Every structure is written in structure tokens, then in C-alpha cells.
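The next block is run.cif, given as mmCIF, C-alpha atoms.
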```cif
data_work
#
loop_
_atom_site.label_atom_id
_atom_site.label_comp_id
_atom_site.auth_asym_id
_atom_site.auth_seq_id
_atom_site.Cartn_x
_atom_site.Cartn_y
_atom_site.Cartn_z
CA MET A 128 -69.03 -144.31 100.71
CA ARG A 129 -71.89 -143.08 102.93
CA LYS A 130 -70.21 -139.68 103.39
CA PHE A 131 -69.77 -139.42 99.62
CA LEU A 132 -73.46 -140.22 99.04
CA ILE A 133 -74.57 -137.69 101.67
CA LYS A 134 -72.32 -135.01 100.22
CA THR A 135 -73.48 -135.75 96.67
CA GLY A 136 -77.11 -135.73 97.83
CA ASP A 137 -76.59 -132.34 99.47
CA LYS A 138 -75.15 -130.93 96.24
CA ILE A 139 -78.04 -132.29 94.20
CA LYS A 140 -80.48 -130.88 96.77
CA TRP A 141 -78.80 -127.46 96.55
CA LEU A 142 -79.11 -127.52 92.76
CA ILE A 143 -82.79 -128.54 92.90
CA ASP A 144 -83.51 -125.90 95.57
CA PHE A 145 -82.05 -123.24 93.25
CA PHE A 146 -85.01 -123.85 90.91
CA TYR A 147 -87.61 -124.26 93.66
CA PRO A 148 -88.74 -120.63 94.38
CA PRO A 149 -91.13 -120.27 91.40
CA PHE A 150 -92.85 -123.50 92.45
CA SER A 151 -92.91 -122.86 96.21
CA SER A 152 -96.49 -121.62 96.26
CA TYR A 153 -97.70 -124.74 94.41
CA VAL A 154 -95.84 -127.68 95.95
CA SER A 155 -93.84 -128.45 99.07
CA ARG A 156 -90.07 -128.69 98.86
CA GLN A 157 -90.27 -132.47 99.39
CA VAL A 158 -92.75 -132.94 96.54
CA PHE A 159 -90.54 -130.78 94.32
CA HIS A 160 -87.47 -132.86 95.22
CA TYR A 161 -89.43 -136.05 94.52
CA ALA A 162 -90.67 -134.73 91.18
CA VAL A 163 -87.22 -133.63 90.03
CA CYS A 164 -85.43 -136.77 91.22
CA GLY A 165 -88.19 -139.03 90.00
CA GLY A 166 -88.41 -137.20 86.69
CA ALA A 167 -84.67 -137.47 86.16
CA ASN A 168 -84.77 -141.15 87.00
CA VAL A 169 -87.71 -141.73 84.63
CA VAL A 170 -85.86 -140.03 81.77
CA PHE A 171 -82.77 -142.10 82.65
CA ASP A 172 -84.97 -145.23 82.54
CA TRP A 173 -86.46 -144.33 79.15
CA VAL A 174 -83.05 -143.55 77.62
CA LEU A 175 -81.51 -146.71 79.04
CA TYR A 176 -84.50 -148.77 77.84
CA PHE A 177 -84.24 -147.28 74.34
CA ILE A 178 -80.48 -147.91 74.14
CA PHE A 179 -80.71 -151.48 75.40
CA TYR A 180 -83.70 -152.36 73.22
CA ASN A 181 -82.40 -150.82 70.00
CA PHE A 182 -78.61 -151.07 70.23
CA ILE A 183 -77.65 -153.76 72.72
CA LEU A 184 -80.34 -156.36 72.12
CA GLU A 185 -81.02 -154.98 68.64
CA LYS A 186 -84.72 -155.88 68.98
CA GLN A 187 -83.78 -159.57 69.12
CA MET A 188 -84.99 -162.32 71.44
CA LEU A 189 -82.67 -163.08 74.35
CA TYR A 190 -82.01 -166.81 74.47
CA LEU A 191 -81.03 -168.10 77.90
CA LYS A 192 -80.52 -171.74 78.82
CA VAL A 193 -83.81 -171.98 80.70
CA VAL A 194 -86.03 -169.43 78.96
CA THR A 195 -86.22 -167.15 75.94
CA LEU A 196 -87.20 -163.54 76.59
CA SER A 197 -88.82 -161.23 74.09
CA PRO A 198 -86.72 -158.13 73.44
CA HIS A 199 -89.01 -155.74 75.34
CA ILE A 200 -89.13 -157.99 78.43
CA ALA A 201 -85.38 -158.74 78.25
CA THR A 202 -84.71 -155.01 78.10
CA LEU A 203 -86.88 -154.47 81.15
CA ALA A 204 -84.98 -157.20 83.02
CA LEU A 205 -81.61 -155.68 82.13
CA THR A 206 -82.38 -152.03 82.85
CA PHE A 207 -84.61 -152.40 85.90
CA PRO A 208 -81.84 -153.09 88.50
CA VAL A 209 -79.84 -150.05 87.39
CA VAL A 210 -82.85 -147.74 87.56
CA VAL A 211 -83.90 -149.17 90.94
CA LEU A 212 -80.50 -148.43 92.46
CA SER A 213 -80.36 -144.88 91.09
CA GLY A 214 -83.94 -144.24 92.26
CA PHE A 215 -83.29 -145.51 95.78
CA LEU A 216 -80.15 -143.43 96.18
CA LEU A 217 -81.88 -140.27 94.95
CA GLN A 218 -84.88 -140.77 97.23
CA LYS A 219 -82.79 -141.67 100.28
CA TYR A 220 -80.14 -138.95 99.95
CA VAL A 221 -82.13 -136.15 98.28
CA THR A 222 -85.88 -136.42 98.87
CA PHE A 223 -86.59 -138.29 102.09
CA THR A 224 -83.51 -137.39 104.13
CA GLU A 225 -85.51 -136.80 107.35
CA SER A 226 -86.51 -140.46 107.70
CA ASP A 227 -85.28 -142.06 110.93
CA LEU A 228 -85.58 -145.59 109.59
CA ARG A 229 -82.36 -147.55 109.16
CA GLY A 230 -81.05 -147.76 105.62
CA ARG A 231 -81.56 -151.52 105.36
CA VAL A 232 -85.22 -151.15 106.42
CA GLN A 233 -85.67 -148.42 103.83
CA LEU A 234 -84.01 -150.56 101.19
CA PHE A 235 -86.18 -153.59 102.03
CA ARG A 236 -89.35 -151.50 101.86
CA TYR A 237 -88.16 -149.80 98.70
CA LEU A 238 -87.58 -153.20 97.11
CA LEU A 239 -91.12 -154.28 98.04
CA VAL A 240 -92.50 -151.23 96.24
CA VAL A 241 -90.14 -151.92 93.34
CA MET A 242 -91.42 -155.49 93.05
CA ALA A 243 -94.96 -154.15 92.81
CA ASN A 244 -93.76 -151.73 90.12
CA LEU A 245 -92.04 -154.55 88.29
CA LEU A 246 -95.32 -156.45 88.17
CA ILE A 247 -97.12 -153.35 86.90
CA ASN A 248 -94.41 -152.86 84.24
CA TYR A 249 -94.44 -156.51 83.17
CA ALA A 250 -98.23 -156.72 82.95
CA GLY A 251 -98.40 -153.36 81.17
CA LEU A 252 -95.76 -154.31 78.60
CA LYS A 253 -97.44 -157.65 77.95
CA LEU A 254 -100.78 -155.89 77.50
CA PHE A 255 -99.61 -152.98 75.34
CA VAL A 256 -96.89 -154.68 73.27
CA ASP A 257 -98.16 -158.24 72.99
CA GLY A 258 -101.89 -157.55 73.35
CA PHE A 259 -102.36 -154.23 71.53
CA ASN A 260 -99.20 -154.38 69.31
CA PHE A 261 -98.01 -150.94 70.48
CA TYR A 262 -94.35 -149.97 70.18
CA PRO A 263 -92.31 -150.95 73.28
CA THR A 264 -90.78 -147.57 74.19
CA PRO A 265 -94.04 -145.53 74.10
CA SER A 266 -95.73 -148.40 75.95
CA LYS A 267 -93.10 -148.12 78.67
CA MET A 268 -93.76 -144.37 78.87
CA ILE A 269 -97.51 -144.88 79.31
CA ILE A 270 -96.96 -147.46 82.06
CA THR A 271 -94.61 -145.06 83.81
CA VAL A 272 -97.50 -142.69 84.56
CA PHE A 273 -99.17 -145.38 86.66
CA THR A 274 -95.99 -146.45 88.42
CA VAL A 275 -95.04 -142.86 89.32
CA ILE A 276 -98.31 -142.26 91.14
CA PHE A 277 -98.12 -145.59 92.93
CA SER A 278 -94.44 -145.03 93.83
CA TYR A 279 -94.83 -141.57 95.30
CA LEU A 280 -97.66 -142.62 97.58
CA SER A 281 -95.85 -145.80 98.61
CA GLN A 282 -92.48 -144.14 99.24
CA LYS A 283 -93.96 -141.30 101.28
CA LYS A 284 -96.34 -143.39 103.39
CA PHE A 285 -94.39 -146.65 103.65
CA THR A 286 -90.72 -146.72 102.62
CA PHE A 287 -89.40 -143.45 104.09
CA GLN A 288 -92.11 -142.65 106.64
#
```
Rewritten as C-alpha cells:
Amino acid sequence: MRKFLIKTGDKIKWLIDFFYPPFSSYVSRQVFHYAVCGGANVVFDWVLYFIFYNFILEKQMLYLKVVTLSPHIATLALTFPVVVLSGFLLQKYVTFTESDLRGRVQLFRYLLVVMANLLINYAGLKLFVDGFNFYPTPSKMIITVFTVIFSYLSQKKFTFQ
């Protein structure tokens, strides 16, 4: 599996590098990789969130035995693990491939940053959707701006140092 992930990461890197030359005087290759991988993962997150919210949960409350979740929070809970996994794999095998840290250390640190992002997402959705009555999907997009900045700095300086 590891060989497959490395090989796939190399192919993705090659594809991203094909589009890098026009941007080379503005950003480093690593920042470009992060932006492309992160951007792709953000779009994946938004699409997944939209599909789950509108078509799987159908904007309905999710009733569990212990708790009832509002549709926008239930959607976050269902999509977040998928997006976390895809984000970690892209960052590990495409963006921060030079890191000497063991994979489990990277994953643990990545999960710490993810937990902080989860709190930012939860608080932001509660504020925008429940507090300001904004639509859930645009609210998620606004919150993403804050989490992207936090994530890049955290991943570069902490997770994959």
C-alpha cells in the first residue's frame, strides 16, 4: 500500500509541477503543491458537504440514540473523516515528502491540527448558521478561509517539520 501511495503521490506531483512554471517567480514549489492539494481537498470537502446535506440527510435532523444533530452539524460529522484522510495523504505524499518524521508521528500531529480545525468549523457553523441564520454551505466556505490559513502554518511548522 505504501508503494502505491508513493507512486500515486509522485504522479500527482508530476501533474502539479507541469502547471508550476508560470507561478515559480511568485511562490515556492512546496507552497504551490500545498495550494493545489489543499484547494482540491477544499473543493472535495464542499462538494461532499453539499451532497450529504442536500441529498443524503435531505436537510433533516439526524436522530441518534444519545443525541440529535442538526443537519449542518451532522453533515460536518459525516464528511470530516473522509476529508481528513484525503488531506493527510495529499500532504504526506505530495507536499511535505521531505519530512523525516515517522508516518505515525505525522498522523498524530496532523490529527491534533485537525481537531483544532474541527473546533473552528463547529464554532463557525454554530455562529453563522444558528446565530446569523446564514445558509450552511456558504457558511462552510467562509469558515474554510480561516482553517486554510491556520492549517498551512500548522502543517509546515509542526506536523511535517
Quick check on the file I pasted: which residues fall under the PyMOL selection byres ((chain A and resi 207) around 10)? Write them as a PyMOL selection string.
chain A and resi 172+175-176+201-206+208-212+241+245+248
Axis-aligned box for stretch 265-278 of chain A, 8 Å per side, centre and edges in Å as AutoDock Vina command-line options:
```
--center_x -96.1 --center_y -145.3 --center_z 84.0 --size_x 22.1 --size_y 22.1 --size_z 35.7
```
Exactly which residues make up the result of the PyMOL selection byres ((chain A and resi 252) around 9) on this file, given as a PyMOL selection string?
chain A and resi 199-200+247-251+253-258+263+266-267+270
Once the PyMOL selection byres ((chain A and resi 282) around 10) has been applied to the shown file, what residues remain in the selection, as a ChimeraX atom specification?
/A:161,215,218,223,233,236-237,240,277-281,283-288
To one decimal in Å, tell me the separation between atom CA of A:Tyr262 and atom CA of A:Trp173.
13.2 Å
Give me the residues near stretch 134-146 of chain A as a list in words, where near means some atom within 10 Å (using all atoms listed in the file) and where sequence neighbours in that chain fewer than 4 positions away do not count.
Met128, Arg129, Lys130, Phe150, Ser151, Arg156, Phe159, His160, Val163, Cys164, Leu216, Leu217, Gln218, Lys219, Tyr220, Val221, Thr222 and Thr224 of chain A
Considering only C-alpha atoms, can you say which of A:Lys186, A:Val169, A:Thr195, A:Ser213 comes closest to A:Thr274?
A:Val169
Env of A:Leu184: 8 Å cut, atoms = all atoms listed in the file, seq-sep filter 5 positions within chain, self excluded. Answer as number ranges by chain.
A: 179, 189, 198, 202
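Going from atom CA of A:Pro149 to atom CA of A:Ala162 covers 14.5 Å.
Of note, atom CA of A:Val275 and atom CA of A:Arg229 are spaced 24.0 Å apart.
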